[in-house]
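Just below is one structure, and these are the notes that go with it.
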Amino acid sequence: MTRRRALCEAANGGAFVAIENRIIGESDVAPEDLTGNPHNWRTHSQAQRDVIAGGLEEVGWVQRVIVNQRTGHLVDGHARVAVAEQRGEPTIPVLYIDVSEEEEHLLLASLDPIAAMAGEDHEALARLLAGVSSEDSALAALLDGLGDEAAAAMREVDHPEAEITPLMMERADYVVLVFDNELDWIAAVDTLGLKRVKAPNSRGRSPKYGLGRVLPGAPIVQRLNAAQ
């Protein structure tokens, strides 16, 4: 039980206390008058801003950015504010909340990660995308990417041992080598000069090592020629 809830229940004789509504108002505010949160840990690339701009242009504002009235800081919506300011929008819809600075930091740290915890139904996504389109190039590229990921995930479920298909990397030229036995694999590792390297995202005291499998083509061709 949180300290806040414990205090509320104590004040009410231990009775159940409903979740408190911390929303106190809403308004339309000029984006340049909004203050970014100095503790914001999310970064927003121009590619992401382009997608946001595409959605705003095609649909419009459907979600308010969140501002803590006590501090005047944004709690959610930094990228949308940046896009609105970049476009010269006169106002942006704002939802005001009233929370302490400590609670503001909690929201800032947890809102996006909590949303990211949601699972994915790839079949439902594929059905949804079948009826969705966009004339904006950035947004269309995002939708295409989601469709590719959903299709790949469904193929993985249907074929857990991995299926070799021209659709694996349709935007690039590539070669996939498949080995039936360990001896051929070992021979290929030796011929191609593969080395075990530390994974760049290894963390903790036990770093992970593996064989690099994304290789520049020219050195491989030279090694194959030399091996003939």
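Convention: chains lettered A, B, ... in structure tokens order; per-chain residue numbering from 1; ligands numbered from 1 as shown.
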
Out of stretch 46-138 of chain A, which residues get strand (DSSP E or B) from DSSP, as a list of chain:residue names?
->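 Answer for stretch 46-138 of chain A, restricted to strand (DSSP E or B): A:Val65, A:Ile66, A:Val67, A:Asn68, A:His73, A:Leu74, A:Val75, A:Asp76, A:Ile92, A:Pro93, A:Val94, A:Leu95, A:Tyr96, A:Ile97.
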
Output file for the selection above: N, CA and C atoms, as an mmCIF file, in the first residue's frame:
```cif
data_model
loop_
_atom_site.group_PDB
_atom_site.id
_atom_site.type_symbol
_atom_site.label_atom_id
_atom_site.label_comp_id
_atom_site.auth_asym_id
_atom_site.auth_seq_id
_atom_site.Cartn_x
_atom_site.Cartn_y
_atom_site.Cartn_z
ATOM 1 N N VAL A 65 -1.647 16.899 -24.656
ATOM 2 C CA VAL A 65 -0.395 16.738 -23.926
ATOM 3 C C VAL A 65 -0.694 17.018 -22.454
ATOM 4 N N ILE A 66 0.150 16.512 -21.563
ATOM 5 C CA ILE A 66 -0.112 16.626 -20.127
ATOM 6 C C ILE A 66 0.887 17.584 -19.491
ATOM 7 N N VAL A 67 0.373 18.520 -18.697
ATOM 8 C CA VAL A 67 1.212 19.498 -17.989
ATOM 9 C C VAL A 67 0.866 19.454 -16.502
ATOM 10 N N ASN A 68 1.882 19.414 -15.667
ATOM 11 C CA ASN A 68 1.691 19.502 -14.222
ATOM 12 C C ASN A 68 1.573 20.973 -13.845
ATOM 13 N N HIS A 73 5.687 22.026 -15.849
ATOM 14 C CA HIS A 73 6.459 21.154 -16.735
ATOM 15 C C HIS A 73 5.560 20.186 -17.498
ATOM 16 N N LEU A 74 5.948 19.889 -18.730
ATOM 17 C CA LEU A 74 5.309 18.815 -19.475
ATOM 18 C C LEU A 74 5.575 17.477 -18.790
ATOM 19 N N VAL A 75 4.563 16.642 -18.748
ATOM 20 C CA VAL A 75 4.727 15.284 -18.230
ATOM 21 C C VAL A 75 4.640 14.279 -19.373
ATOM 22 N N ASP A 76 3.891 14.615 -20.402
ATOM 23 C CA ASP A 76 3.756 13.731 -21.559
ATOM 24 C C ASP A 76 3.431 14.583 -22.780
ATOM 25 N N ILE A 92 -2.083 24.268 -28.952
ATOM 26 C CA ILE A 92 -2.049 22.821 -28.816
ATOM 27 C C ILE A 92 -2.933 22.451 -27.626
ATOM 28 N N PRO A 93 -3.760 21.390 -27.707
ATOM 29 C CA PRO A 93 -4.629 21.030 -26.580
ATOM 30 C C PRO A 93 -3.824 20.473 -25.405
ATOM 31 N N VAL A 94 -4.114 20.994 -24.211
ATOM 32 C CA VAL A 94 -3.360 20.643 -23.012
ATOM 33 C C VAL A 94 -4.301 20.151 -21.918
ATOM 34 N N LEU A 95 -3.891 19.076 -21.230
ATOM 35 C CA LEU A 95 -4.595 18.570 -20.065
ATOM 36 C C LEU A 95 -3.737 18.897 -18.838
ATOM 37 N N TYR A 96 -4.325 19.561 -17.850
ATOM 38 C CA TYR A 96 -3.587 19.944 -16.650
ATOM 39 C C TYR A 96 -3.862 18.968 -15.516
ATOM 40 N N ILE A 97 -2.799 18.576 -14.832
ATOM 41 C CA ILE A 97 -2.926 17.740 -13.645
ATOM 42 C C ILE A 97 -2.276 18.462 -12.476
#
```

What's around A:His78 at 12 Å? Count only C-alpha atoms, leave out sequence neighbours fewer than 6 positions away in its own chain, and write the answer as a PDB file with N, CA and C atoms, in the first residue's frame.
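Written output follows (selection39.pdb):
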```pdb
ATOM      1  N   PRO A  31       2.244  26.411 -28.289  1.00  0.00           N
ATOM      2  CA  PRO A  31       3.312  25.452 -27.981  1.00  0.00           C
ATOM      3  C   PRO A  31       4.571  26.104 -27.420  1.00  0.00           C
ATOM      4  N   GLU A  32       4.870  27.338 -27.867  1.00  0.00           N
ATOM      5  CA  GLU A  32       6.079  27.993 -27.362  1.00  0.00           C
ATOM      6  C   GLU A  32       5.937  28.423 -25.900  1.00  0.00           C
ATOM      7  N   LEU A  34       4.761  26.363 -23.600  1.00  0.00           N
ATOM      8  CA  LEU A  34       4.866  25.146 -22.793  1.00  0.00           C
ATOM      9  C   LEU A  34       6.328  24.871 -22.476  1.00  0.00           C
ATOM     10  N   THR A  35       6.574  24.382 -21.261  1.00  0.00           N
ATOM     11  CA  THR A  35       7.938  24.155 -20.788  1.00  0.00           C
ATOM     12  C   THR A  35       8.257  22.669 -20.754  1.00  0.00           C
ATOM     13  N   GLY A  36       9.293  22.259 -21.480  1.00  0.00           N
ATOM     14  CA  GLY A  36       9.721  20.868 -21.450  1.00  0.00           C
ATOM     15  C   GLY A  36      10.202  20.478 -20.066  1.00  0.00           C
ATOM     16  N   ASN A  37      10.072  19.206 -19.751  1.00  0.00           N
ATOM     17  CA  ASN A  37      10.494  18.734 -18.433  1.00  0.00           C
ATOM     18  C   ASN A  37      12.006  18.557 -18.400  1.00  0.00           C
ATOM     19  N   PRO A  38      12.691  19.171 -17.441  1.00  0.00           N
ATOM     20  CA  PRO A  38      14.157  19.035 -17.378  1.00  0.00           C
ATOM     21  C   PRO A  38      14.610  17.610 -17.090  1.00  0.00           C
ATOM     22  N   HIS A  39      13.689  16.771 -16.621  1.00  0.00           N
ATOM     23  CA  HIS A  39      14.037  15.373 -16.320  1.00  0.00           C
ATOM     24  C   HIS A  39      13.554  14.414 -17.410  1.00  0.00           C
ATOM     25  N   ASN A  40      13.070  14.948 -18.526  1.00  0.00           N
ATOM     26  CA  ASN A  40      12.608  14.075 -19.604  1.00  0.00           C
ATOM     27  C   ASN A  40      13.763  13.226 -20.128  1.00  0.00           C
ATOM     28  N   TRP A  41      13.558  11.929 -20.194  1.00  0.00           N
ATOM     29  CA  TRP A  41      14.627  11.017 -20.607  1.00  0.00           C
ATOM     30  C   TRP A  41      14.393  10.440 -22.000  1.00  0.00           C
ATOM     31  N   ARG A  42      13.285  10.781 -22.619  1.00  0.00           N
ATOM     32  CA  ARG A  42      12.988  10.308 -23.961  1.00  0.00           C
ATOM     33  C   ARG A  42      13.569  11.257 -25.002  1.00  0.00           C
ATOM     34  N   THR A  43      14.145  10.689 -26.065  1.00  0.00           N
ATOM     35  CA  THR A  43      14.622  11.497 -27.187  1.00  0.00           C
ATOM     36  C   THR A  43      13.695  11.268 -28.373  1.00  0.00           C
ATOM     37  N   HIS A  44      13.591  12.246 -29.248  1.00  0.00           N
ATOM     38  CA  HIS A  44      12.653  12.162 -30.359  1.00  0.00           C
ATOM     39  C   HIS A  44      13.361  12.550 -31.653  1.00  0.00           C
ATOM     40  N   SER A  45      13.585  11.560 -32.495  1.00  0.00           N
ATOM     41  CA  SER A  45      14.278  11.789 -33.759  1.00  0.00           C
ATOM     42  C   SER A  45      13.389  12.548 -34.727  1.00  0.00           C
ATOM     43  N   GLN A  48      10.714  10.283 -36.152  1.00  0.00           N
ATOM     44  CA  GLN A  48       9.518  10.139 -35.317  1.00  0.00           C
ATOM     45  C   GLN A  48       8.632  11.379 -35.438  1.00  0.00           C
ATOM     46  N   ARG A  49       9.255  12.547 -35.453  1.00  0.00           N
ATOM     47  CA  ARG A  49       8.477  13.784 -35.580  1.00  0.00           C
ATOM     48  C   ARG A  49       7.744  13.829 -36.921  1.00  0.00           C
ATOM     49  N   ILE A  52       4.649  11.717 -36.550  1.00  0.00           N
ATOM     50  CA  ILE A  52       3.660  12.432 -35.732  1.00  0.00           C
ATOM     51  C   ILE A  52       2.993  13.529 -36.558  1.00  0.00           C
ATOM     52  N   ARG A  64      -4.512  15.064 -25.797  1.00  0.00           N
ATOM     53  CA  ARG A  64      -3.912  16.251 -25.217  1.00  0.00           C
ATOM     54  C   ARG A  64      -2.532  15.925 -24.627  1.00  0.00           C
ATOM     55  N   VAL A  65      -1.647  16.899 -24.656  1.00  0.00           N
ATOM     56  CA  VAL A  65      -0.395  16.738 -23.926  1.00  0.00           C
ATOM     57  C   VAL A  65      -0.694  17.018 -22.454  1.00  0.00           C
ATOM     58  N   ILE A  66       0.150  16.512 -21.563  1.00  0.00           N
ATOM     59  CA  ILE A  66      -0.112  16.626 -20.127  1.00  0.00           C
ATOM     60  C   ILE A  66       0.887  17.584 -19.491  1.00  0.00           C
ATOM     61  N   VAL A  67       0.373  18.520 -18.697  1.00  0.00           N
ATOM     62  CA  VAL A  67       1.212  19.498 -17.989  1.00  0.00           C
ATOM     63  C   VAL A  67       0.866  19.454 -16.502  1.00  0.00           C
ATOM     64  N   ALA A  84       4.344  20.717 -33.200  1.00  0.00           N
ATOM     65  CA  ALA A  84       3.440  21.864 -33.298  1.00  0.00           C
ATOM     66  C   ALA A  84       4.231  23.163 -33.422  1.00  0.00           C
ATOM     67  N   GLU A  85       5.303  23.272 -32.646  1.00  0.00           N
ATOM     68  CA  GLU A  85       6.126  24.487 -32.706  1.00  0.00           C
ATOM     69  C   GLU A  85       6.848  24.577 -34.045  1.00  0.00           C
ATOM     70  N   ILE A  92      -2.083  24.268 -28.952  1.00  0.00           N
ATOM     71  CA  ILE A  92      -2.049  22.821 -28.816  1.00  0.00           C
ATOM     72  C   ILE A  92      -2.933  22.451 -27.626  1.00  0.00           C
ATOM     73  N   VAL A  94      -4.114  20.994 -24.211  1.00  0.00           N
ATOM     74  CA  VAL A  94      -3.360  20.643 -23.012  1.00  0.00           C
ATOM     75  C   VAL A  94      -4.301  20.151 -21.918  1.00  0.00           C
ATOM     76  N   LEU A 108       6.765  10.571 -15.181  1.00  0.00           N
ATOM     77  CA  LEU A 108       7.706  10.760 -16.283  1.00  0.00           C
ATOM     78  C   LEU A 108       8.497   9.486 -16.546  1.00  0.00           C
TER      79      LEU A 108
END
```

Separation of atom CA of A:Arg22 from atom CA of A:Ser100, in Å and rounded to one decimal |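 Separating atom CA of A:Arg22 from atom CA of A:Ser100 is a distance of 10.5 Å.
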